[in-house]
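Trainee: Structure file work_2.txt (compact mmCIF, C-alpha atoms) right here:
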# COMPACT_ATOMS: atom_id res chain seq x y z
CA MET G 1 0.00 0.00 0.00
CA ASP G 2 1.59 3.27 -1.18
CA THR G 3 0.29 6.02 1.11
CA GLY G 4 3.02 8.59 0.52
CA ALA G 5 0.86 10.83 -1.65
CA LEU G 6 -2.00 10.72 0.87
CA GLN G 7 0.30 11.71 3.72
CA GLU G 8 1.53 14.65 1.64
CA ARG G 9 -2.02 15.76 0.90
CA ILE G 10 -3.08 15.74 4.55
CA GLY G 11 0.17 17.33 5.71
CA HIS G 12 1.08 14.60 8.20
CA SER G 13 3.72 11.87 8.07
CA PHE G 14 2.89 8.94 10.34
CA ARG G 15 5.43 7.86 12.92
CA GLU G 16 3.44 4.62 13.33
CA PRO G 17 2.49 3.51 9.79
CA ALA G 18 0.41 0.66 11.21
CA LEU G 19 -2.13 3.22 12.45
CA LEU G 20 -2.55 4.56 8.93
CA VAL G 21 -2.94 1.07 7.49
CA ARG G 22 -5.62 0.28 10.05
CA ALA G 23 -7.45 3.54 9.32
CA LEU G 24 -7.61 2.56 5.66
CA THR G 25 -8.86 -1.00 6.28
CA HIS G 26 -12.58 -1.53 5.73
CA ARG G 27 -14.31 -4.21 7.76
CA SER G 28 -14.85 -6.31 4.61
CA PHE G 29 -11.08 -6.81 4.43
CA GLY G 30 -10.87 -8.40 7.87
CA GLN G 31 -9.44 -7.62 11.30
CA PRO G 32 -8.20 -5.27 12.56
CA ASN G 33 -10.30 -2.73 10.71
CA ASN G 34 -11.03 0.97 11.02
CA GLU G 35 -14.38 0.93 12.86
CA ARG G 36 -13.01 1.92 16.29
CA LEU G 37 -10.81 4.60 14.72
CA GLU G 38 -13.89 5.90 12.91
CA PHE G 39 -15.69 6.28 16.25
CA LEU G 40 -12.73 8.20 17.68
CA GLY G 41 -12.31 10.36 14.59
CA ASP G 42 -15.98 11.32 14.54
CA GLY G 43 -15.74 12.82 18.03
CA ILE G 44 -12.46 14.58 17.25
CA LEU G 45 -13.85 16.07 14.03
CA ASN G 46 -16.86 17.51 15.84
CA CYS G 47 -14.62 19.04 18.50
CA VAL G 48 -12.18 20.56 15.99
CA MET G 49 -15.00 21.97 13.87
CA ALA G 50 -16.65 23.49 16.93
CA MET G 51 -13.38 25.21 17.85
CA ALA G 52 -12.73 26.39 14.29
CA LEU G 53 -16.21 27.88 13.87
CA PHE G 54 -16.20 29.40 17.37
CA GLU G 55 -13.00 31.28 16.49
CA ARG G 56 -14.00 32.26 12.95
CA PHE G 57 -17.46 33.57 13.83
CA PRO G 58 -17.24 35.30 17.23
CA ASP G 59 -20.57 37.11 16.86
CA ASP G 60 -22.82 34.32 15.57
CA ALA G 61 -25.43 32.51 17.63
CA GLU G 62 -25.08 28.96 18.91
CA GLY G 63 -27.90 27.71 16.68
CA ASP G 64 -26.25 29.00 13.52
CA LEU G 65 -22.88 27.53 14.49
CA SER G 66 -24.45 24.17 15.35
CA ARG G 67 -26.22 24.00 12.00
CA LEU G 68 -23.03 24.96 10.18
CA ARG G 69 -20.98 22.35 12.03
CA ALA G 70 -23.57 19.67 11.26
CA HIS G 71 -23.43 20.60 7.59
CA LEU G 72 -19.63 20.35 7.47
CA VAL G 73 -19.30 17.01 9.28
CA LYS G 74 -22.21 15.13 7.69
CA GLN G 75 -21.50 12.30 5.28
CA GLN G 76 -21.69 14.42 2.12
CA GLY G 77 -19.15 16.90 3.49
CA LEU G 78 -16.76 14.14 4.47
CA TYR G 79 -17.26 12.51 1.07
CA ARG G 80 -16.25 15.66 -0.79
CA VAL G 81 -13.08 16.00 1.26
CA ALA G 82 -12.26 12.29 0.83
CA GLN G 83 -12.66 12.64 -2.94
CA ARG G 84 -10.20 15.53 -3.05
CA LEU G 85 -7.73 13.42 -1.10
CA GLU G 86 -8.31 10.48 -3.51
CA LEU G 87 -8.87 8.32 -0.46
CA GLY G 88 -10.61 5.60 -2.43
CA ARG G 89 -7.33 4.68 -4.10
CA VAL G 90 -5.79 3.41 -0.88
CA ILE G 91 -8.67 1.89 1.12
CA ARG G 92 -8.28 -1.86 1.65
CA MET G 93 -11.55 -3.72 1.08
CA GLY G 94 -12.68 -7.28 0.54
CA GLU G 95 -12.93 -8.59 -3.00
CA GLY G 96 -16.72 -8.36 -3.12
CA GLU G 97 -16.78 -4.79 -1.83
CA THR G 98 -14.10 -3.81 -4.34
CA ARG G 99 -16.02 -5.33 -7.26
CA SER G 100 -19.22 -3.52 -6.23
CA GLY G 101 -17.52 -0.11 -6.33
CA GLY G 102 -16.90 0.36 -2.62
CA ALA G 103 -14.01 2.74 -3.30
CA ARG G 104 -16.53 5.24 -4.66
CA ARG G 105 -19.25 4.71 -2.05
CA PRO G 106 -19.87 7.89 0.01
CA SER G 107 -20.42 6.00 3.28
CA ILE G 108 -17.13 4.07 2.99
CA LEU G 109 -15.13 7.15 2.04
CA ALA G 110 -16.67 9.25 4.81
CA ASP G 111 -16.09 6.58 7.47
CA SER G 112 -12.50 6.05 6.32
CA LEU G 113 -11.78 9.77 6.53
CA GLU G 114 -13.04 9.87 10.11
CA ALA G 115 -10.86 6.84 10.87
CA LEU G 116 -7.91 8.68 9.36
CA PHE G 117 -8.49 11.59 11.75
CA GLY G 118 -8.58 9.14 14.66
CA ALA G 119 -5.30 7.62 13.51
CA VAL G 120 -3.59 11.01 13.27
CA TYR G 121 -4.71 11.80 16.82
CA LEU G 122 -3.25 8.55 18.19
CA ASP G 123 -0.08 9.07 16.17
CA ALA G 124 0.69 12.66 17.12
CA GLY G 125 -1.92 14.18 19.43
CA PHE G 126 -4.69 16.77 19.29
CA ASP G 127 -2.73 19.72 17.87
CA ALA G 128 -1.58 17.57 14.96
CA VAL G 129 -5.03 16.29 14.08
CA ARG G 130 -6.49 19.79 14.38
CA GLN G 131 -3.95 21.01 11.83
CA VAL G 132 -4.80 18.14 9.50
CA ILE G 133 -8.56 18.70 9.74
CA GLU G 134 -8.32 22.44 9.19
CA HIS G 135 -5.96 21.83 6.28
CA VAL G 136 -8.13 19.30 4.43
CA TYR G 137 -11.31 21.30 5.18
CA ASP G 138 -9.75 24.59 4.08
CA VAL G 139 -12.05 24.99 1.06
CA GLU G 140 -15.19 24.38 3.13
CA LEU G 141 -14.08 26.58 6.03
CA ARG G 142 -13.27 29.52 3.77
CA ALA G 143 -16.69 29.21 2.12
CA ALA G 144 -18.55 28.74 5.42
CA ASP G 145 -21.36 31.20 6.08
CA PRO G 146 -23.51 30.65 9.19
CA ARG G 147 -26.37 32.60 7.60
CA THR G 148 -26.81 30.27 4.64
CA MET G 149 -24.75 27.07 4.77
CA GLY G 150 -26.73 24.09 5.97
CA LYS G 151 -30.04 25.62 4.92
CA ASP G 152 -31.83 24.01 2.02
CA PRO G 153 -32.57 26.15 -1.07
CA LYS G 154 -36.31 26.53 -0.32
CA THR G 155 -35.53 27.92 3.14
CA ARG G 156 -32.87 30.26 1.76
CA LEU G 157 -35.23 31.50 -0.96
CA GLN G 158 -38.05 32.09 1.52
CA GLU G 159 -35.79 34.04 3.88
CA GLU G 160 -34.36 36.12 1.04
CA LEU G 161 -37.79 37.00 -0.33
CA GLN G 162 -39.06 37.89 3.15
CA ARG G 163 -36.03 40.15 3.60
CA ARG G 164 -36.92 41.90 0.35
CA LYS G 165 -40.62 42.04 1.32
CA VAL G 166 -41.54 40.00 -1.76
CA PRO G 167 -44.42 37.46 -1.65
CA LEU G 168 -43.34 33.84 -1.29
CA PRO G 169 -42.90 31.70 -4.41
CA VAL G 170 -45.45 29.27 -5.78
CA TYR G 171 -44.36 25.71 -6.65
CA GLU G 172 -46.27 23.63 -9.19
CA VAL G 173 -45.65 20.17 -10.63
CA VAL G 174 -45.79 20.68 -14.41
CA ALA G 175 -44.83 17.17 -15.57
CA THR G 176 -43.81 13.69 -14.46
CA HIS G 177 -41.78 11.18 -16.45
CA GLY G 178 -40.77 7.55 -16.19
CA ALA G 179 -42.14 4.40 -14.63
CA ALA G 180 -43.96 4.55 -11.31
CA HIS G 181 -40.98 3.26 -9.33
CA ARG G 182 -38.52 5.63 -11.06
CA GLN G 183 -40.51 8.81 -11.66
CA VAL G 184 -38.89 12.15 -12.40
CA PHE G 185 -40.81 15.28 -11.39
CA ASP G 186 -40.59 18.66 -13.13
CA VAL G 187 -41.54 21.50 -10.80
CA GLU G 188 -41.82 25.19 -11.60
CA CYS G 189 -41.05 27.89 -9.05
CA VAL G 190 -42.70 31.24 -9.81
CA ILE G 191 -41.87 34.56 -8.15
CA GLY G 192 -44.48 36.76 -9.80
CA ARG G 193 -43.43 40.18 -8.56
CA LEU G 194 -39.85 39.64 -9.77
CA GLU G 195 -40.96 38.03 -13.06
CA ILE G 196 -38.91 34.90 -12.39
CA ARG G 197 -39.86 31.38 -13.46
CA CYS G 198 -37.52 28.50 -12.67
CA MET G 199 -37.75 24.81 -13.43
CA GLY G 200 -36.27 22.00 -11.35
CA SER G 201 -36.28 18.24 -11.81
CA GLY G 202 -35.73 15.41 -9.35
CA GLY G 203 -36.67 11.93 -8.25
CA SER G 204 -39.33 13.26 -5.85
CA ARG G 205 -41.53 16.33 -5.68
CA ARG G 206 -39.50 17.64 -2.74
CA GLU G 207 -36.21 17.17 -4.59
CA ALA G 208 -37.57 18.91 -7.67
CA GLU G 209 -38.87 21.83 -5.58
CA GLN G 210 -35.45 22.21 -3.98
CA ALA G 211 -33.82 22.24 -7.41
CA ALA G 212 -36.28 24.86 -8.65
CA ALA G 213 -35.65 27.00 -5.57
CA ASP G 214 -31.91 26.65 -6.16
CA ALA G 215 -32.38 28.00 -9.68
CA ALA G 216 -34.52 30.85 -8.35
CA LEU G 217 -31.79 31.80 -5.90
CA ALA G 218 -29.32 31.94 -8.79
CA ALA G 219 -31.73 34.21 -10.68
CA LEU G 220 -31.99 36.70 -7.81
CA PRO G 221 -29.48 39.57 -8.17
CA GLY G 222 -26.77 39.44 -5.50
CA VAL G 223 -27.53 35.92 -4.22
CA SER G 224 -25.50 32.80 -5.00
CA ALA G 225 -27.12 29.41 -5.49
CA ALA G 226 -26.94 26.83 -2.72
CA VAL G 227 -23.66 24.89 -2.43
CA SER G 228 -25.37 21.53 -1.99
CA ARG G 229 -27.95 20.32 -4.47
CA PRO G 230 -29.81 17.01 -4.13
CA ALA G 231 -28.15 14.23 -6.10
CA GLY G 232 -29.73 13.91 -9.52
CA ALA G 233 -31.48 17.28 -9.34
CA ARG G 234 -31.46 19.50 -12.44
CA VAL G 235 -32.31 23.19 -12.69
CA ARG G 236 -33.35 25.54 -15.47
CA SER G 237 -34.33 29.18 -15.11
CA ARG G 238 -35.58 32.04 -17.22
CA ARG G 239 -36.73 35.52 -16.26
CA GLY G 240 -40.13 36.65 -17.39
CA VAL G 241 -43.44 35.28 -16.20
CA GLY G 242 -44.68 35.17 -19.75
CA SER G 243 -42.14 32.54 -20.80
CA ARG G 244 -41.69 28.90 -19.96
CA ASP G 245 -38.90 26.43 -20.66
CA ASP G 246 -39.65 23.61 -23.09
Written as structure tokens, that's how I'd like the structure from this file.
Mentor:
Amino acid sequence: MDTGALQERIGHSFREPALLVRALTHRSFGQPNNERLEFLGDGILNCVMAMALFERFPDDAEGDLSRLRAHLVKQQGLYRVAQRLELGRVIRMGEGETRSGGARRPSILADSLEALFGAVYLDAGFDAVRQVIEHVYDVELRAADPRTMGKDPKTRLQEELQRRKVPLPVYEVVATHGAAHRQVFDVECVIGRLEIRCMGSGGSRREAEQAAADAALAALPGVSAAVSRPAGARVRSRRGVGSRDD
């Protein structure tokens, strides 16, 4: 197992390489595996993120910081970081798990990243693992905004329209496609006063509404679209209540 590149990416060279090997060993490979290290790393990650956000946002309320931390440490956040680190290349898995694409599975990548944090802590202590976590989460921490991150697009759109004293949007299912067990919904979000119509598609009505709201946010001047979009969601938007996408 060549882990040199991974150690360079995280900015930590292990004094006890066996800890790193264990952190990268999925339970399907055998014993010892990374499950206990995952438990340890999960607690450490929450602590480090709490400290990082507490220092970066001295004036924000506890509720906003808690929501932001939860957004950063949930599986999807861990998965994005693990992908950047190319963690899937070095995880040891059983033959069946490997054949089924386990190296790309979000749950396996997220759990292995937490185990990696636990291994760094045992190898070099809390200050070392804090440096590693803040280093690999640098992109997310620089983009973090307690006012918006962790809120779904519909909530963000509602709050933004209320701030502008604009009536709330109307969502309407305009079409459904596919077999009953694999339907795709097309939903339109209309903000009449601003002459904005946006279309969103998804595997459920809720997912499609979120995608449409995401597009509406992008259409509002001065507001960026949500960072996280439901998997499989698609958005289309066009200004002008008199027009509609095909």
Trainee: So, counting only C-alpha atoms, which residue among G:Asp138, G:Gly178, G:Leu220, G:Arg80 is closest to Gly203 in chain G?
Mentor: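 Residue with the minimum atom-to-atom distance to Gly203 in chain G: G:Gly178.
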Trainee: Hey, could you pull the box centre and edge lengths for range 100-119 of chain G, axis-aligned, 4 Å padding per side, all listed atoms, to one decimal in Å, as AutoDock Vina command-line options?
Mentor:
--center_x -12.9 --center_y 4.0 --center_z 4.2 --size_x 23.1 --size_y 23.1 --size_z 29.0
Trainee: When distances are computed from only C-alpha atoms, which of G:Ala110, G:Val132, G:Ala215, G:Leu45 shows the smallest separation from Gly11 in chain G?
Mentor: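 Smallest distance to Gly11 in chain G is found for G:Val132.
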Trainee: Name the residues in contact with Glu188 in chain G at a cut-off of 7 Å, using all atoms listed in the file, excluding same-chain residues fewer than 2 positions from it; report them as a short mmCIF file (atom, residue, chain, number, x, y, z; two decimals) with C-alpha atoms, keeping the file's coordinate frame.
Mentor:
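Heads up, here's the output in around-v5.cif:
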data_model
loop_
_atom_site.label_atom_id
_atom_site.label_comp_id
_atom_site.auth_asym_id
_atom_site.auth_seq_id
_atom_site.Cartn_x
_atom_site.Cartn_y
_atom_site.Cartn_z
CA TYR G 171 -44.36 25.71 -6.65
CA GLU G 172 -46.27 23.63 -9.19
CA VAL G 173 -45.65 20.17 -10.63
CA VAL G 174 -45.79 20.68 -14.41
CA ASP G 186 -40.59 18.66 -13.13
CA VAL G 190 -42.70 31.24 -9.81
CA ARG G 197 -39.86 31.38 -13.46
CA CYS G 198 -37.52 28.50 -12.67
CA MET G 199 -37.75 24.81 -13.43
CA GLY G 200 -36.27 22.00 -11.35
CA ALA G 212 -36.28 24.86 -8.65
#
Trainee: Between CA of Gly41 in chain G and CA of Pro146 in chain G, what is the distance, to one decimal in Å?
Mentor: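 Computing the Euclidean distance for CA of Gly41 in chain G and CA of Pro146 in chain G yields 23.8 Å.
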Trainee: Nearest residue to Ala128 in chain G out of G:Leu6, G:Arg27, G:Gly202, G:Val48, using all atoms listed in the file?
Mentor: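 Once distances to Ala128 in chain G are computed over all atoms listed in the file, the minimum belongs to G:Val48.
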Trainee: Of the candidates G:Met51, G:Leu168, G:Val73, G:Ile108, which one gets nearest to Thr155 in chain G if we count all atoms listed in the file?
Mentor: G:Leu168
Trainee: Which distance in Å separates CA of Ala82 in chain G and CA of Leu109 in chain G, to one decimal?
Mentor: 6.0 Å
Trainee: Leaving out Phe117 in chain G and any residue of its chain fewer than 6 positions from it, which residues lie within 9 Å of it when counting only C-alpha atoms, given as a list in words?
Mentor: Ala23, Leu37, Glu38, Leu40, Gly41, Asp42, Ile44, Leu45, Val129, Arg130, Val132 and Ile133 of chain G
Trainee: Please list as a list in words every residue within 12 Å of Pro32 in chain G, counting all atoms listed in the file and excluding residues in the same chain fewer than 2 positions away.
Mentor: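 So, after excluding close chain neighbours, the residues are Ala18, Leu19, Leu20, Val21, Arg22, Ala23, Leu24, Thr25, His26, Arg27, Ser28, Phe29, Gly30, Asn34, Glu35, Arg36, Leu37 and Arg92 of chain G.
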Trainee: Using only C-alpha atoms, find the one residue out of G:Glu114, G:Glu62, G:Glu159, G:Glu207 that sits nearest to Leu78 in chain G.
Mentor: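 Comparing G:Glu114, G:Glu62, G:Glu159, G:Glu207 against Leu78 in chain G, the winner is G:Glu114.
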Trainee: Which residues, written as a PyMOL selection string, have at least one atom at most 10 Å from Ala52 in chain G, with only C-alpha atoms counted and residues fewer than 5 positions away on the same chain left out?
Mentor: chain G and resi 46-47+57+69+130+133-134+141
Trainee: Tell me, in Å to one decimal, how far CA of Glu160 in chain G is from CA of Gly63 in chain G.
Mentor: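 Distance reported for this atom pair: 18.9 Å.
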Trainee: Under the rule that all atoms listed in the file are counted, which of G:Gln7, G:Gln162, G:Gln210, G:Gln76 is the nearest residue to Phe185 in chain G?
Mentor: G:Gln210
Trainee: Regenerate range 197-226 of chain G at the level of N, CA and C atoms and dump it as a PDB file, in the coordinates of the input.
Mentor:
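The result, written out as selection.pdb:
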ATOM      1  N   ARG G 197     -39.362  32.753 -13.394  1.00  0.00           N
ATOM      2  CA  ARG G 197     -39.860  31.380 -13.460  1.00  0.00           C
ATOM      3  C   ARG G 197     -38.660  30.457 -13.530  1.00  0.00           C
ATOM      4  N   CYS G 198     -38.650  29.425 -12.690  1.00  0.00           N
ATOM      5  CA  CYS G 198     -37.520  28.500 -12.670  1.00  0.00           C
ATOM      6  C   CYS G 198     -38.047  27.074 -12.634  1.00  0.00           C
ATOM      7  N   MET G 199     -37.387  26.210 -13.388  1.00  0.00           N
ATOM      8  CA  MET G 199     -37.750  24.810 -13.430  1.00  0.00           C
ATOM      9  C   MET G 199     -36.701  23.984 -12.702  1.00  0.00           C
ATOM     10  N   GLY G 200     -37.171  22.951 -11.992  1.00  0.00           N
ATOM     11  CA  GLY G 200     -36.270  22.000 -11.350  1.00  0.00           C
ATOM     12  C   GLY G 200     -36.799  20.592 -11.523  1.00  0.00           C
ATOM     13  N   SER G 201     -35.889  19.639 -11.644  1.00  0.00           N
ATOM     14  CA  SER G 201     -36.280  18.240 -11.810  1.00  0.00           C
ATOM     15  C   SER G 201     -35.631  17.384 -10.753  1.00  0.00           C
ATOM     16  N   GLY G 202     -36.306  16.310 -10.343  1.00  0.00           N
ATOM     17  CA  GLY G 202     -35.730  15.410  -9.350  1.00  0.00           C
ATOM     18  C   GLY G 202     -36.549  14.145  -9.213  1.00  0.00           C
ATOM     19  N   GLY G 203     -36.034  13.221  -8.430  1.00  0.00           N
ATOM     20  CA  GLY G 203     -36.670  11.930  -8.250  1.00  0.00           C
ATOM     21  C   GLY G 203     -37.856  11.938  -7.310  1.00  0.00           C
ATOM     22  N   SER G 204     -38.156  13.084  -6.698  1.00  0.00           N
ATOM     23  CA  SER G 204     -39.330  13.260  -5.850  1.00  0.00           C
ATOM     24  C   SER G 204     -39.793  14.699  -6.003  1.00  0.00           C
ATOM     25  N   ARG G 205     -41.035  14.947  -5.588  1.00  0.00           N
ATOM     26  CA  ARG G 205     -41.530  16.330  -5.680  1.00  0.00           C
ATOM     27  C   ARG G 205     -40.670  17.260  -4.819  1.00  0.00           C
ATOM     28  N   ARG G 206     -40.316  16.798  -3.620  1.00  0.00           N
ATOM     29  CA  ARG G 206     -39.500  17.640  -2.740  1.00  0.00           C
ATOM     30  C   ARG G 206     -38.155  17.959  -3.381  1.00  0.00           C
ATOM     31  N   GLU G 207     -37.517  16.956  -3.964  1.00  0.00           N
ATOM     32  CA  GLU G 207     -36.210  17.170  -4.590  1.00  0.00           C
ATOM     33  C   GLU G 207     -36.316  18.145  -5.754  1.00  0.00           C
ATOM     34  N   ALA G 208     -37.370  18.013  -6.545  1.00  0.00           N
ATOM     35  CA  ALA G 208     -37.570  18.910  -7.670  1.00  0.00           C
ATOM     36  C   ALA G 208     -37.844  20.338  -7.197  1.00  0.00           C
ATOM     37  N   GLU G 209     -38.623  20.501  -6.125  1.00  0.00           N
ATOM     38  CA  GLU G 209     -38.870  21.830  -5.580  1.00  0.00           C
ATOM     39  C   GLU G 209     -37.582  22.472  -5.086  1.00  0.00           C
ATOM     40  N   GLN G 210     -36.735  21.675  -4.440  1.00  0.00           N
ATOM     41  CA  GLN G 210     -35.450  22.210  -3.980  1.00  0.00           C
ATOM     42  C   GLN G 210     -34.599  22.661  -5.153  1.00  0.00           C
ATOM     43  N   ALA G 211     -34.598  21.871  -6.228  1.00  0.00           N
ATOM     44  CA  ALA G 211     -33.820  22.240  -7.410  1.00  0.00           C
ATOM     45  C   ALA G 211     -34.362  23.507  -8.046  1.00  0.00           C
ATOM     46  N   ALA G 212     -35.678  23.652  -8.093  1.00  0.00           N
ATOM     47  CA  ALA G 212     -36.280  24.860  -8.650  1.00  0.00           C
ATOM     48  C   ALA G 212     -35.956  26.082  -7.788  1.00  0.00           C
ATOM     49  N   ALA G 213     -36.007  25.902  -6.472  1.00  0.00           N
ATOM     50  CA  ALA G 213     -35.650  27.000  -5.570  1.00  0.00           C
ATOM     51  C   ALA G 213     -34.186  27.385  -5.727  1.00  0.00           C
ATOM     52  N   ASP G 214     -33.328  26.395  -5.941  1.00  0.00           N
ATOM     53  CA  ASP G 214     -31.910  26.650  -6.160  1.00  0.00           C
ATOM     54  C   ASP G 214     -31.720  27.523  -7.398  1.00  0.00           C
ATOM     55  N   ALA G 215     -32.455  27.200  -8.465  1.00  0.00           N
ATOM     56  CA  ALA G 215     -32.380  28.000  -9.680  1.00  0.00           C
ATOM     57  C   ALA G 215     -32.911  29.407  -9.449  1.00  0.00           C
ATOM     58  N   ALA G 216     -33.973  29.530  -8.641  1.00  0.00           N
ATOM     59  CA  ALA G 216     -34.520  30.850  -8.350  1.00  0.00           C
ATOM     60  C   ALA G 216     -33.530  31.697  -7.560  1.00  0.00           C
ATOM     61  N   LEU G 217     -32.825  31.075  -6.641  1.00  0.00           N
ATOM     62  CA  LEU G 217     -31.790  31.800  -5.900  1.00  0.00           C
ATOM     63  C   LEU G 217     -30.733  32.338  -6.855  1.00  0.00           C
ATOM     64  N   ALA G 218     -30.336  31.514  -7.823  1.00  0.00           N
ATOM     65  CA  ALA G 218     -29.320  31.940  -8.790  1.00  0.00           C
ATOM     66  C   ALA G 218     -29.832  33.092  -9.651  1.00  0.00           C
ATOM     67  N   ALA G 219     -31.157  33.148  -9.852  1.00  0.00           N
ATOM     68  CA  ALA G 219     -31.730  34.210 -10.680  1.00  0.00           C
ATOM     69  C   ALA G 219     -31.900  35.525  -9.926  1.00  0.00           C
ATOM     70  N   LEU G 220     -31.847  35.482  -8.596  1.00  0.00           N
ATOM     71  CA  LEU G 220     -31.990  36.700  -7.810  1.00  0.00           C
ATOM     72  C   LEU G 220     -30.672  37.487  -7.843  1.00  0.00           C
ATOM     73  N   PRO G 221     -30.703  38.763  -8.166  1.00  0.00           N
ATOM     74  CA  PRO G 221     -29.480  39.570  -8.170  1.00  0.00           C
ATOM     75  C   PRO G 221     -28.825  39.586  -6.797  1.00  0.00           C
ATOM     76  N   GLY G 222     -27.520  39.331  -6.749  1.00  0.00           N
ATOM     77  CA  GLY G 222     -26.770  39.440  -5.500  1.00  0.00           C
ATOM     78  C   GLY G 222     -26.847  38.245  -4.598  1.00  0.00           C
ATOM     79  N   VAL G 223     -27.421  37.120  -5.050  1.00  0.00           N
ATOM     80  CA  VAL G 223     -27.530  35.920  -4.220  1.00  0.00           C
ATOM     81  C   VAL G 223     -26.968  34.752  -4.999  1.00  0.00           C
ATOM     82  N   SER G 224     -26.064  33.982  -4.358  1.00  0.00           N
ATOM     83  CA  SER G 224     -25.500  32.800  -5.000  1.00  0.00           C
ATOM     84  C   SER G 224     -26.378  31.608  -4.741  1.00  0.00           C
ATOM     85  N   ALA G 225     -26.347  30.636  -5.653  1.00  0.00           N
ATOM     86  CA  ALA G 225     -27.120  29.410  -5.490  1.00  0.00           C
ATOM     87  C   ALA G 225     -26.554  28.584  -4.367  1.00  0.00           C
ATOM     88  N   ALA G 226     -27.363  27.671  -3.831  1.00  0.00           N
ATOM     89  CA  ALA G 226     -26.940  26.830  -2.720  1.00  0.00           C
ATOM     90  C   ALA G 226     -25.747  25.977  -3.128  1.00  0.00           C
TER      91      ALA G 226
END
